[in-house]
Structures are given as structure tokens and as C-alpha cells.
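One structure is given here, and the rest of the page talks about it.
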Amino acid sequence: VQCLCPSYTRTALLEDVDPAAVREQGGALPVPLVAGRLREEDEPILRLRPLCPPGGVLVTEVSCGAKHTLMVTDAGLLFGIGYNECGELGLEASVEEVATLVPVPLPDGARAARVACGFRTAFVTTTIGALLACGSNDRGQLGLGADLAGWEDEDKQVAKMVHGLRRVALPDNALAAPVACGFRHTCILTRTATLLACGRNDCGQLGLGDTRDRDAPTLVAALEYAEAHCRPKDKEGKEDAMLELRLTGNKFTAAEQTQLRAAIPEGSTKFEIRT
């Protein structure tokens with residue numbers, strides 16, 4: 001079961017299922033359940049109740065932001081409800097909010113696979129690994145580059161906003177896997193298990209070794225892979241495994257090397273550790 005508590009306003013639940021199995025076996029479709037307040041002017045929902053797209057579709061993923069909710073169906077469709085003041089629902093600028101679930105257009109016939117909502121942002125990973133983003137971009141959290149990041153009016157704290165989902169360019173044409181959104185920063189895991197980050201970094205939250213914001217996805221070097229090469233103990237068991245760590249960027253501390261050494265199966269000649 002997915003349990004989401006994105007803010008003080010809402011809780012959402014969705015049962016994890018295998019869509020193919022549900023279709024083949026003719027079982028009941030799991031439905032998203034929500035409680036709390038979908039919009040500020042709405043009466044609060046005091047008990048979990050269904051929130052389903054029309055047509056009896058199978059919802060495979062739900063994500064909630066500060067005041068918006070998006071869900072993906074097994075057919076790759078995207079639906080949204082809530083506020084769109086900053087473009088966070090992926091709808092055009094003329095739509096400030098929607099009170100019922102509506103379809104969200106995806107560019108170029110794309111099909112959605114996963115969705116992740118931030119404070120006032122949204123990211124959609126397509127079935128072919130493309131990453132799409134929309135919403136507020138004052139600190140570069142959408143990863144769309146310098147032209148679309150920053151403030152329209154800094155004195156009034158009006159952020160640059162992106163209405164409609166746009167493709168995020170990932171380094172080396174990487175394909176996106178899960179995305180995690182913070183308050184104003186974003187972490188993107190690729191299908192090759194590298195980690196990228198963008199957005200606000202005044203507390204070092206991007207893990208890049210400094211406190212500068214990033215307006216495009218940037219490789220977090222410490223979370224590339226480390227290869228641990230070792231040789232087995234001798235017949236008398238006296239030889240400790242020899243360990244060599246290869247890491248782009250940061251170095252492991254002695255304590256971290258001890259932890260990695262402990263993780264190597266006895267007798268291994270090569271063991272890859274992904275941090």
C-alpha cells in the first residue's frame with residue numbers, strides 16, 4: 001500500500017497491485033483513497049473516501065504536492081486535481097484550479113509511468129524514461145535550465161512558472177527512474193543507478209559539496225558506484241580480503257571503507273557495491 005502524507009492537508013492511500021494480474025483475473029480495481037482538504041475552500045474529508053478518474057480505470061500511482069494531486073493509470077494517462085496557480089498540475093495558465101479530476105495532457109503522445117509532486121511542482125517519468133516537469137521554478141528545482149529559473153518579480157517573491165509539462169534534459173541522455181521532490185529541490189535516479197540533483201542548495205541538500213543552487217540536473221558524484229575488488233582468504237583463513245574502491249568524485253572515509261569491507265561476501269573475487 002502506498003501511503004502519502006505530503007502536507008498537513010491530505011492523506012492518500014493506494015494499494016499496490018500488478019495491473020496485468022488484475023486484468024487477467026478480473027479482480028476488483030484498487031482505488032485511491034483520500035482524507036483531509038483537497039482545496040482550501042472545501043470542507044475537510046474526515047474519513048478516507050475514493051478519488052477515482054472517470055471510466056473505471058486502474059490507478060497505479062498517486063502523488064500529492066502542497067495543494068495538488070496527480071495520478072497515473074495503467075494506460076499511461078495522467079489525471080490531476082487541485083491548484084494550478086504555478087502550473088503544478090501541468091495545465092495551461094488560464095486554469096488556476098480544478099475541483100474534480102481532469103486529464104492532464106502529455107506532450108508528443110507520451111505515456112506516463114510514474115509521477116512525483118513537490119511543493120508546487122510535478123515530475124512525470126514516461127514509459128520510455130523521458131522526464132517531464134512543470135510548476136514553480138524559483139530555485140531551479142525543475143531542472144529546465146537558467147532561462148526558466150529564478151524570479152519574475154523577486155521583490156514580490158513571484159517565481160518563474162512553467163505551465164504545461166516540459167522535457168527535462170538529463171546528462172548523457174540518461175533515462176529517468178524514480179524522482180523525489182523536496183521543498184525546492186529535486187533528486188532524480190536514472191536507470192543506470194546514478195543520482196542527479198537540482199534546485200535549492202543553501203543547506204547543501206543536493207549533496208554536491210557546496211551551497212550553490214543548480215538549475216539543471218547535476219551528477220551527485222558520491223552516489224556513483226564503487227567497485228570493490230577483493231581476494232578470498234587463504235586456506236588457513238588468515239588473509240583478509242584486499243579491498244580497492246573506485247569512486248568518481250568523493251573519497252570514502254576509513255569508517256565507510258570498513259562498512260563496505262563488511263558487506264563483501266566471503267570468497268568473492270569481485271563485488272560491486274552501489275551506495
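Ligands are numbered from 1 in the order shown, chains are lettered A, B, ... in the order of the C-alpha cells, and residues start at 1 in each chain.
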
* **Selection: 10 Å around Cys86 (chain A), only C-alpha atoms, excl. self and same-chain fewer than 5 positions, as a ChimeraX atom specification** => /A:91-93,95-96,120-121,134-137,158-163

Mind dumping the selected residues with N, CA, C and O atoms as a PDB file, in the first residue's frame?
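Output below, filename out-v4.pdb:
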```pdb
ATOM      1  N   LEU A  91      -1.363  22.058 -16.361  1.00  0.00           N
ATOM      2  CA  LEU A  91      -2.421  22.640 -17.183  1.00  0.00           C
ATOM      3  C   LEU A  91      -2.019  24.054 -17.612  1.00  0.00           C
ATOM      4  O   LEU A  91      -1.110  24.653 -17.054  1.00  0.00           O
ATOM      5  N   GLU A  92      -2.722  24.601 -18.577  1.00  0.00           N
ATOM      6  CA  GLU A  92      -2.399  25.922 -19.102  1.00  0.00           C
ATOM      7  C   GLU A  92      -2.623  26.997 -18.052  1.00  0.00           C
ATOM      8  O   GLU A  92      -3.357  26.801 -17.068  1.00  0.00           O
ATOM      9  N   ALA A  93      -2.022  28.165 -18.269  1.00  0.00           N
ATOM     10  CA  ALA A  93      -2.015  29.232 -17.270  1.00  0.00           C
ATOM     11  C   ALA A  93      -3.403  29.771 -16.958  1.00  0.00           C
ATOM     12  O   ALA A  93      -3.633  30.312 -15.874  1.00  0.00           O
ATOM     13  N   VAL A  95      -5.968  28.137 -16.301  1.00  0.00           N
ATOM     14  CA  VAL A  95      -6.638  27.278 -15.310  1.00  0.00           C
ATOM     15  C   VAL A  95      -5.938  27.454 -13.969  1.00  0.00           C
ATOM     16  O   VAL A  95      -4.798  27.016 -13.791  1.00  0.00           O
ATOM     17  N   GLU A  96      -6.603  28.088 -13.012  1.00  0.00           N
ATOM     18  CA  GLU A  96      -5.995  28.325 -11.707  1.00  0.00           C
ATOM     19  C   GLU A  96      -6.190  27.145 -10.757  1.00  0.00           C
ATOM     20  O   GLU A  96      -5.360  26.905  -9.877  1.00  0.00           O
ATOM     21  N   ARG A 120       5.273  22.882  -5.094  1.00  0.00           N
ATOM     22  CA  ARG A 120       4.433  23.417  -6.170  1.00  0.00           C
ATOM     23  C   ARG A 120       4.980  22.990  -7.521  1.00  0.00           C
ATOM     24  O   ARG A 120       5.031  23.766  -8.469  1.00  0.00           O
ATOM     25  N   THR A 121       5.414  21.749  -7.582  1.00  0.00           N
ATOM     26  CA  THR A 121       5.997  21.207  -8.806  1.00  0.00           C
ATOM     27  C   THR A 121       5.418  19.825  -9.083  1.00  0.00           C
ATOM     28  O   THR A 121       4.765  19.215  -8.234  1.00  0.00           O
ATOM     29  N   CYS A 134       6.867  20.517 -14.516  1.00  0.00           N
ATOM     30  CA  CYS A 134       6.079  21.745 -14.584  1.00  0.00           C
ATOM     31  C   CYS A 134       5.967  22.326 -13.183  1.00  0.00           C
ATOM     32  O   CYS A 134       6.250  21.667 -12.187  1.00  0.00           O
ATOM     33  N   GLY A 135       5.557  23.601 -13.119  1.00  0.00           N
ATOM     34  CA  GLY A 135       5.317  24.227 -11.820  1.00  0.00           C
ATOM     35  C   GLY A 135       6.251  25.384 -11.520  1.00  0.00           C
ATOM     36  O   GLY A 135       6.833  26.007 -12.418  1.00  0.00           O
ATOM     37  N   SER A 136       6.407  25.668 -10.240  1.00  0.00           N
ATOM     38  CA  SER A 136       7.245  26.779  -9.779  1.00  0.00           C
ATOM     39  C   SER A 136       8.716  26.421  -9.934  1.00  0.00           C
ATOM     40  O   SER A 136       9.126  25.293  -9.673  1.00  0.00           O
ATOM     41  N   ASN A 137       9.525  27.441 -10.331  1.00  0.00           N
ATOM     42  CA  ASN A 137      10.935  27.141 -10.638  1.00  0.00           C
ATOM     43  C   ASN A 137      11.864  28.234 -10.127  1.00  0.00           C
ATOM     44  O   ASN A 137      12.868  28.563 -10.758  1.00  0.00           O
ATOM     45  N   VAL A 158       7.575  36.530  -6.648  1.00  0.00           N
ATOM     46  CA  VAL A 158       6.814  35.839  -7.690  1.00  0.00           C
ATOM     47  C   VAL A 158       7.795  35.014  -8.516  1.00  0.00           C
ATOM     48  O   VAL A 158       8.662  35.571  -9.208  1.00  0.00           O
ATOM     49  N   ALA A 159       7.676  33.712  -8.429  1.00  0.00           N
ATOM     50  CA  ALA A 159       8.618  32.815  -9.095  1.00  0.00           C
ATOM     51  C   ALA A 159       8.312  32.687 -10.577  1.00  0.00           C
ATOM     52  O   ALA A 159       7.181  32.902 -11.026  1.00  0.00           O
ATOM     53  N   LYS A 160       9.333  32.320 -11.346  1.00  0.00           N
ATOM     54  CA  LYS A 160       9.083  31.897 -12.716  1.00  0.00           C
ATOM     55  C   LYS A 160       8.317  30.581 -12.677  1.00  0.00           C
ATOM     56  O   LYS A 160       8.600  29.707 -11.851  1.00  0.00           O
ATOM     57  N   MET A 161       7.327  30.462 -13.550  1.00  0.00           N
ATOM     58  CA  MET A 161       6.449  29.300 -13.534  1.00  0.00           C
ATOM     59  C   MET A 161       6.425  28.650 -14.908  1.00  0.00           C
ATOM     60  O   MET A 161       6.523  29.326 -15.931  1.00  0.00           O
ATOM     61  N   VAL A 162       6.274  27.347 -14.921  1.00  0.00           N
ATOM     62  CA  VAL A 162       6.187  26.592 -16.162  1.00  0.00           C
ATOM     63  C   VAL A 162       4.822  25.921 -16.211  1.00  0.00           C
ATOM     64  O   VAL A 162       4.516  25.042 -15.399  1.00  0.00           O
ATOM     65  N   HIS A 163       3.976  26.371 -17.133  1.00  0.00           N
ATOM     66  CA  HIS A 163       2.655  25.769 -17.336  1.00  0.00           C
ATOM     67  C   HIS A 163       2.729  24.804 -18.505  1.00  0.00           C
ATOM     68  O   HIS A 163       3.196  25.158 -19.586  1.00  0.00           O
TER      69      HIS A 163
END
```

* Asked: Please, which residues of region 15-183 of chain A, numbered as in this document, come out strand (DSSP E) from DSSP, as a ChimeraX atom specification?
  -> /A:33-36,45-50,59-64,68-73,78-83,97-103,112-117,121-126,131-136,151-153,158-159,161-167,176-181

Pull C-alpha atoms from the residues just selected and write them as a PDB file, in the first residue's frame.
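What follows is the written file again.pdb:
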```
ATOM      1  CA  LEU A  33      -8.455   6.852  -1.002  1.00  0.00           C
ATOM      2  CA  VAL A  34      -8.029  10.372   0.341  1.00  0.00           C
ATOM      3  CA  ALA A  35      -8.776  12.295   3.509  1.00  0.00           C
ATOM      4  CA  GLY A  36      -8.215  15.892   4.513  1.00  0.00           C
ATOM      5  CA  ILE A  45     -12.862  14.988   4.299  1.00  0.00           C
ATOM      6  CA  LEU A  46     -12.902  13.375   7.742  1.00  0.00           C
ATOM      7  CA  ARG A  47     -12.819   9.734   6.611  1.00  0.00           C
ATOM      8  CA  LEU A  48     -10.953   8.111   3.734  1.00  0.00           C
ATOM      9  CA  ARG A  49     -13.037   8.220   0.571  1.00  0.00           C
ATOM     10  CA  PRO A  50     -12.426   7.170  -3.049  1.00  0.00           C
ATOM     11  CA  VAL A  59      -4.715   3.825 -10.997  1.00  0.00           C
ATOM     12  CA  THR A  60      -1.130   2.649 -10.496  1.00  0.00           C
ATOM     13  CA  GLU A  61       0.442   5.653  -8.771  1.00  0.00           C
ATOM     14  CA  VAL A  62      -0.608   8.745  -6.836  1.00  0.00           C
ATOM     15  CA  SER A  63       1.453  11.723  -5.683  1.00  0.00           C
ATOM     16  CA  CYS A  64       0.444  14.795  -3.687  1.00  0.00           C
ATOM     17  CA  HIS A  68      -2.303  19.483  -5.899  1.00  0.00           C
ATOM     18  CA  THR A  69      -2.663  15.757  -6.566  1.00  0.00           C
ATOM     19  CA  LEU A  70      -1.716  13.765  -9.667  1.00  0.00           C
ATOM     20  CA  MET A  71      -2.313  10.121 -10.528  1.00  0.00           C
ATOM     21  CA  VAL A  72      -1.188   7.741 -13.268  1.00  0.00           C
ATOM     22  CA  THR A  73      -3.303   4.973 -14.805  1.00  0.00           C
ATOM     23  CA  LEU A  78      -2.336  11.373 -16.189  1.00  0.00           C
ATOM     24  CA  PHE A  79      -5.093  12.951 -14.095  1.00  0.00           C
ATOM     25  CA  GLY A  80      -4.945  15.877 -11.686  1.00  0.00           C
ATOM     26  CA  ILE A  81      -6.951  17.836  -9.144  1.00  0.00           C
ATOM     27  CA  GLY A  82      -6.289  20.901  -7.003  1.00  0.00           C
ATOM     28  CA  TYR A  83      -4.403  24.128  -7.545  1.00  0.00           C
ATOM     29  CA  GLU A  97      -7.556  25.257 -10.070  1.00  0.00           C
ATOM     30  CA  VAL A  98      -9.803  22.273 -10.751  1.00  0.00           C
ATOM     31  CA  ALA A  99     -12.285  20.792  -8.296  1.00  0.00           C
ATOM     32  CA  THR A 100     -12.613  17.373  -9.958  1.00  0.00           C
ATOM     33  CA  LEU A 101     -10.085  15.041 -11.550  1.00  0.00           C
ATOM     34  CA  VAL A 102      -9.261  16.128 -15.092  1.00  0.00           C
ATOM     35  CA  PRO A 103      -6.928  14.643 -17.706  1.00  0.00           C
ATOM     36  CA  ALA A 112       3.100   8.320 -18.080  1.00  0.00           C
ATOM     37  CA  ALA A 113       4.753   5.652 -15.944  1.00  0.00           C
ATOM     38  CA  ARG A 114       5.437   7.479 -12.670  1.00  0.00           C
ATOM     39  CA  VAL A 115       4.594  10.798 -11.062  1.00  0.00           C
ATOM     40  CA  ALA A 116       6.188  12.793  -8.240  1.00  0.00           C
ATOM     41  CA  CYS A 117       4.823  16.030  -6.815  1.00  0.00           C
ATOM     42  CA  THR A 121       5.997  21.207  -8.806  1.00  0.00           C
ATOM     43  CA  ALA A 122       5.320  17.968 -10.628  1.00  0.00           C
ATOM     44  CA  PHE A 123       7.529  15.474 -12.450  1.00  0.00           C
ATOM     45  CA  VAL A 124       6.317  12.736 -14.766  1.00  0.00           C
ATOM     46  CA  THR A 125       8.520   9.865 -15.934  1.00  0.00           C
ATOM     47  CA  THR A 126       7.290   8.397 -19.210  1.00  0.00           C
ATOM     48  CA  LEU A 131      11.386  13.168 -17.659  1.00  0.00           C
ATOM     49  CA  LEU A 132       8.765  15.936 -17.818  1.00  0.00           C
ATOM     50  CA  ALA A 133       8.356  18.803 -15.351  1.00  0.00           C
ATOM     51  CA  CYS A 134       6.079  21.745 -14.584  1.00  0.00           C
ATOM     52  CA  GLY A 135       5.317  24.227 -11.820  1.00  0.00           C
ATOM     53  CA  SER A 136       7.245  26.779  -9.779  1.00  0.00           C
ATOM     54  CA  TRP A 151      12.040  35.145 -10.209  1.00  0.00           C
ATOM     55  CA  GLU A 152       9.580  37.047 -12.373  1.00  0.00           C
ATOM     56  CA  ASP A 153       9.435  39.615  -9.563  1.00  0.00           C
ATOM     57  CA  VAL A 158       6.814  35.839  -7.690  1.00  0.00           C
ATOM     58  CA  ALA A 159       8.618  32.815  -9.095  1.00  0.00           C
ATOM     59  CA  MET A 161       6.449  29.300 -13.534  1.00  0.00           C
ATOM     60  CA  VAL A 162       6.187  26.592 -16.162  1.00  0.00           C
ATOM     61  CA  HIS A 163       2.655  25.769 -17.336  1.00  0.00           C
ATOM     62  CA  GLY A 164       2.412  22.556 -19.278  1.00  0.00           C
ATOM     63  CA  LEU A 165       4.804  19.643 -18.941  1.00  0.00           C
ATOM     64  CA  ARG A 166       8.229  20.197 -20.500  1.00  0.00           C
ATOM     65  CA  ARG A 167      11.014  17.715 -21.089  1.00  0.00           C
ATOM     66  CA  ALA A 176      14.854   8.657 -15.577  1.00  0.00           C
ATOM     67  CA  ALA A 177      13.673   6.219 -12.941  1.00  0.00           C
ATOM     68  CA  PRO A 178      12.156   7.382  -9.595  1.00  0.00           C
ATOM     69  CA  VAL A 179      12.122  11.089  -8.738  1.00  0.00           C
ATOM     70  CA  ALA A 180      11.973  12.544  -5.232  1.00  0.00           C
ATOM     71  CA  CYS A 181      10.900  16.138  -4.604  1.00  0.00           C
TER      72      CYS A 181
END
```

* Asked: Near region 205-221 of chain A, within 9 Å and counting only C-alpha atoms, which residues show up once chain neighbours fewer than 6 positions away are dropped, as a ChimeraX atom specification?
  -> /A:137,139-146,148-150,168-171,185-188,194-199,247-250
